[in-house]
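Please read the structure below before turning to the comments.
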Amino acid sequence: MLIDFLNHIIETKGFLHGIERSAQVFMRYSFGRARFSEMMRELDQDLGSMGVKVTFCITASLLESHYGFFERFRDLGHEFAAHGYFHTNMKTRSLAEQKALIRKSYNAFEKVKLRVHGFRCPYLSYNNDTLAALYKSPFVWTSNNVILWDETVRSCRRSEEHLKKLTLLYNTTSPDVSISVPAGKGRLVDIPITAPDDEMLFERYRIKERSAISAIWQAIFRKVHARGELFHLLFHPERFKYFEASIKDVAATARSMRPGVWFATLNEITSWWEKRRKSAWKAERTEKGWRVCIKGPREATLLIKGEDRVGSGDLICGAYAPAPASFSNGAFHIDTDDIRKHSIQVSRSCSPEVESFLSDEGFMTSVVEYPHRNALFIDGYAKFAPRDRRLLLDVIDNSSYPLLRLWRWPNGAQSAFTVSSDVDSINVSDFIKRFIYF
């Protein structure tokens, strides 16, 4: 396994950078628990006071020797997810081996009675066998896919070379074609990560100044917020003291935004998304027209497009206002003279993925043969590629129809903010095990 690990370092970081990186990590882990205790205090004093709780993705074997330490994090209100049993590259293992590692990871948390619902792959590296193994496991969410906002970072040939190496490991997409919201993958909820993260900035772009790092993350957050999506910041504990101030800066920016931002952990995001995707639109005739209903949690946000009324508050993403709906018997109700103007009609010639996507985005939809003059009609998507999703949303947002929409986030929030951290080692001994069990 040592040879495999060295090959991995050279392939994904380069020989000289790999040596430099290993030396830095070795020095940082030499402080062991002292560095983590310092991070714990700072998290409680600074981010804790801002209402930010971290989801720590922990290599499960660490629970055997450091359980009491993680218990203190739990008492501060932070939560946990599994990060493999050892820090093993899942891609290199068979389906049977991956099933065994995932089951062993879950059992380790269960043994010490730490609640765990999510699994993040070591190195964020996975394949179809990983997903197949997770489908059969007790885990309900995963988070490995990266949306890379690299246009906000100054670039050079050196950083571009390092990022190319990174794509050998990560599943990276562009915000031009990706929408940063949770997605259902079978029974799993997949939660994307916002990048560049601390490792990319510090090790690959060589950006180390607080002001520069804060400016990059704040610029990305503002774009994510404007699009009504999820900002998911990932950091590694061994670099916390270098990035603490910048994490605080971007959290403060998020707190200041209007419309507001939902601060949540990955477990909370998963719980909300599962409730939301169970919601269903229904309509029935009344004496005066139609009554539209959608079942869902009370904290859900029901919007209507293009009705900026006095007293309605700030518009969500500049286009949607709170719908004039009542809530009773576990459902929102809204009366209208014509249901068609509030819904999207999808041509039968479109790919079925079009209606599925629009439904996931919270719109009321129907599949029709011919368009109605009072309804927004979508046609021309015989094939529906990922890059088409954002273009389709732009078409909808630029339309004049008063569309109803179950919004992505609860309690009137325009966007969502979460922080997670990957913990694969506490001390040097733990780090050495990465070589052994790679």
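By order of appearance in the structure tokens: chains A, B, ..., then residues from 1 within every chain, and ligands from 1 in the order shown.
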From a DSSP pass on the backbone, collect the residues of region 53-226 of chain A flagged as alpha helix (DSSP H) and hand them back as JSON, numbers by chain. {"A": [62, 63, 64, 65, 66, 67, 68, 69, 70, 71, 72, 73, 74, 75, 95, 96, 97, 98, 99, 100, 101, 102, 103, 104, 105, 106, 107, 108, 109, 110, 111, 128, 129, 130, 131, 132, 133, 134, 135, 157, 158, 159, 160, 161, 162, 163, 164, 165, 166, 198, 199, 210, 211, 212, 213, 214, 215, 216, 217, 218, 219, 220, 221, 222, 223, 224, 225, 226]}
For Glu229 (chain A), which of A:Asn144, A:Ser137, A:Thr194, A:Ser246 is the closest residue, counting only C-alpha atoms?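 Closest to Glu229 (chain A), using only C-alpha atoms: A:Thr194.
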As JSON, numbers by chain, please: the residues near Leu131 (chain A) (cut-off 12 Å, only C-alpha atoms, same-chain neighbours under 6 positions excluded). {"A": [90, 91, 95, 98, 99, 102, 119, 120, 121, 125, 137, 139, 140, 141, 142, 143, 144, 185, 186, 187, 188, 189, 190]}
Write the residues you've just listed into a file as an mmCIF file, in the first residue's frame, and include N, CA and C atoms for each of them.
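The result, stored in selection_28.cif:
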data_model
loop_
_atom_site.group_PDB
_atom_site.id
_atom_site.type_symbol
_atom_site.label_atom_id
_atom_site.label_comp_id
_atom_site.auth_asym_id
_atom_site.auth_seq_id
_atom_site.Cartn_x
_atom_site.Cartn_y
_atom_site.Cartn_z
ATOM 1 N N MET A 90 -11.623 4.825 -2.091
ATOM 2 C CA MET A 90 -12.683 3.877 -2.406
ATOM 3 C C MET A 90 -12.619 3.400 -3.855
ATOM 4 N N LYS A 91 -12.176 4.260 -4.748
ATOM 5 C CA LYS A 91 -12.133 3.920 -6.168
ATOM 6 C C LYS A 91 -11.293 2.678 -6.455
ATOM 7 N N LEU A 95 -16.473 -3.766 -5.182
ATOM 8 C CA LEU A 95 -17.777 -3.501 -4.585
ATOM 9 C C LEU A 95 -17.892 -4.166 -3.219
ATOM 10 N N GLN A 98 -15.856 -2.267 -0.703
ATOM 11 C CA GLN A 98 -16.464 -0.990 -0.358
ATOM 12 C C GLN A 98 -17.663 -1.184 0.569
ATOM 13 N N LYS A 99 -18.463 -2.204 0.304
ATOM 14 C CA LYS A 99 -19.588 -2.493 1.200
ATOM 15 C C LYS A 99 -19.090 -2.762 2.614
ATOM 16 N N ILE A 102 -17.836 0.517 4.291
ATOM 17 C CA ILE A 102 -18.946 1.393 4.649
ATOM 18 C C ILE A 102 -19.696 0.852 5.859
ATOM 19 N N PHE A 119 -22.049 9.959 4.783
ATOM 20 C CA PHE A 119 -20.757 9.330 4.456
ATOM 21 C C PHE A 119 -20.088 10.151 3.353
ATOM 22 N N ARG A 120 -18.908 10.679 3.670
ATOM 23 C CA ARG A 120 -18.092 11.351 2.655
ATOM 24 C C ARG A 120 -16.869 10.482 2.366
ATOM 25 N N CYS A 121 -16.605 10.281 1.094
ATOM 26 C CA CYS A 121 -15.495 9.409 0.718
ATOM 27 C C CYS A 121 -14.146 10.072 0.992
ATOM 28 N N SER A 125 -13.224 10.727 -3.458
ATOM 29 C CA SER A 125 -13.051 9.862 -4.619
ATOM 30 C C SER A 125 -13.999 8.668 -4.536
ATOM 31 N N SER A 137 -26.643 0.735 2.434
ATOM 32 C CA SER A 137 -26.168 1.028 3.789
ATOM 33 C C SER A 137 -27.196 1.844 4.564
ATOM 34 N N PHE A 139 -26.653 4.791 5.675
ATOM 35 C CA PHE A 139 -26.407 6.213 5.445
ATOM 36 C C PHE A 139 -27.474 6.807 4.527
ATOM 37 N N VAL A 140 -27.811 8.086 4.769
ATOM 38 C CA VAL A 140 -28.869 8.725 3.976
ATOM 39 C C VAL A 140 -28.352 9.881 3.127
ATOM 40 N N TRP A 141 -27.121 10.355 3.381
ATOM 41 C CA TRP A 141 -26.578 11.403 2.517
ATOM 42 C C TRP A 141 -25.096 11.161 2.248
ATOM 43 N N THR A 142 -24.647 11.766 1.156
ATOM 44 C CA THR A 142 -23.236 11.742 0.804
ATOM 45 C C THR A 142 -22.859 13.107 0.247
ATOM 46 N N SER A 143 -21.573 13.417 0.209
ATOM 47 C CA SER A 143 -21.135 14.753 -0.220
ATOM 48 C C SER A 143 -19.707 14.651 -0.744
ATOM 49 N N ASN A 144 -19.598 14.485 -2.060
ATOM 50 C CA ASN A 144 -18.283 14.291 -2.673
ATOM 51 C C ASN A 144 -18.057 15.148 -3.919
ATOM 52 N N LYS A 185 -30.244 10.911 -5.231
ATOM 53 C CA LYS A 185 -29.615 9.811 -5.959
ATOM 54 C C LYS A 185 -30.154 8.525 -5.362
ATOM 55 N N GLY A 186 -31.274 8.049 -5.922
ATOM 56 C CA GLY A 186 -31.931 6.911 -5.303
ATOM 57 C C GLY A 186 -32.434 7.332 -3.933
ATOM 58 N N ARG A 187 -32.127 6.586 -2.916
ATOM 59 C CA ARG A 187 -32.540 6.919 -1.558
ATOM 60 C C ARG A 187 -31.567 7.867 -0.868
ATOM 61 N N LEU A 188 -30.455 8.214 -1.536
ATOM 62 C CA LEU A 188 -29.466 9.126 -0.965
ATOM 63 C C LEU A 188 -29.753 10.571 -1.350
ATOM 64 N N VAL A 189 -29.344 11.488 -0.484
ATOM 65 C CA VAL A 189 -29.296 12.900 -0.828
ATOM 66 C C VAL A 189 -27.821 13.258 -1.036
ATOM 67 N N ASP A 190 -27.512 13.810 -2.197
ATOM 68 C CA ASP A 190 -26.138 14.195 -2.525
ATOM 69 C C ASP A 190 -25.999 15.709 -2.359
#
Choose the residue, out of A:Arg405, A:Ser94, A:Thr130, A:Gly412, that has the smallest atom-to-atom separation from Leu315 (chain A); count only C-alpha atoms.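 The shortest atom-to-atom distance to Leu315 (chain A) comes from A:Gly412.
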So, counting only C-alpha atoms, which residue among A:Leu62, A:Ala219, A:Ala226, A:Ile179 is closest to Ile191 (chain A)? A:Ile179
Neighbouring residues of Ser399 (chain A) were defined as those with any atom within 10 Å, considering only C-alpha atoms; residues of the same chain fewer than 2 positions away were excluded. Please report them as a list in words.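 Close residues of Ser399 (chain A): Lys305, Gly306, Ala319, Leu376, Leu393, Asp394, Val395, Ile396, Asp397, Tyr401, Pro402 and Leu403 of chain A.
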Select, from A:Glu42, A:Glu97, A:Asp176, A:Glu199, the residue with the minimum atom-to-atom distance to Pro386 (chain A), counting only C-alpha atoms.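 Checking each candidate against Pro386 (chain A), we get A:Asp176 as the closest.
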My list of candidates is A:Arg103, A:Arg387, A:His117, A:Lys53. Which is closest to Ser271 (chain A) when distances are computed with only C-alpha atoms?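 Smallest distance to Ser271 (chain A) is found for A:His117.
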What lies within 8 Å of Ala323 (chain A) using only C-alpha atoms, ignoring chain neighbours under 3 positions off, as a list of chain:residue names?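 The neighbour list is A:Leu302, A:Leu303, A:Ile304, A:Ile334, A:Leu404.
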Residues as selected, N, CA and C atoms, written as a short mmCIF file (atom, residue, chain, number, x, y, z; two decimals), in the first residue's frame, can you do that?
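Dumped to result37.cif:
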data_model
loop_
_atom_site.label_atom_id
_atom_site.label_comp_id
_atom_site.auth_asym_id
_atom_site.auth_seq_id
_atom_site.Cartn_x
_atom_site.Cartn_y
_atom_site.Cartn_z
N LEU A 302 -43.47 29.15 0.15
CA LEU A 302 -44.25 29.11 -1.09
C LEU A 302 -44.18 30.48 -1.75
N LEU A 303 -43.76 30.50 -3.01
CA LEU A 303 -43.52 31.74 -3.72
C LEU A 303 -44.43 31.88 -4.93
N ILE A 304 -44.60 33.13 -5.37
CA ILE A 304 -45.28 33.41 -6.62
C ILE A 304 -44.41 34.40 -7.40
N ILE A 334 -54.01 28.08 -1.90
CA ILE A 334 -54.12 29.36 -2.57
C ILE A 334 -55.24 29.29 -3.60
N LEU A 404 -46.30 29.60 -9.54
CA LEU A 404 -46.14 29.19 -8.15
C LEU A 404 -44.91 28.30 -8.03
#
Separation of CA of His342 (chain A) from CA of Trp273 (chain A) in Å: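 So the two atoms, CA of Trp273 (chain A) and CA of His342 (chain A), lie 23.2 Å apart.
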Exercise: Val250 (chain A) partners within 7 Å, only C-alpha atoms, chain neighbours under 5 positions left out, as a PyMOL selection string: chain A and resi 214+217-218
Can I get the selected residues back with C-alpha atoms, as a compact mmCIF listing (two decimals), in the first residue's frame?
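Okay, out.txt is ready:
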# COMPACT_ATOMS: atom_id res chain seq x y z
CA SER A 214 -11.76 36.20 2.43
CA TRP A 217 -14.93 33.19 -0.60
CA GLN A 218 -17.09 36.29 -0.14
Picked from region 127-336 of chain A by DSSP as strand (DSSP E), as a PyMOL selection string: chain A and resi 141-142+145-148+171-173+183-185+188-190+193-195+230-235+261-263+281-286+289-295+302-305+320-322+326-328+331-336
Can you measure CA of Ala195 (chain A) to CA of His87 (chain A) for me? One decimal in Å is fine.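 Separating CA of Ala195 (chain A) from CA of His87 (chain A) is a distance of 21.2 Å.
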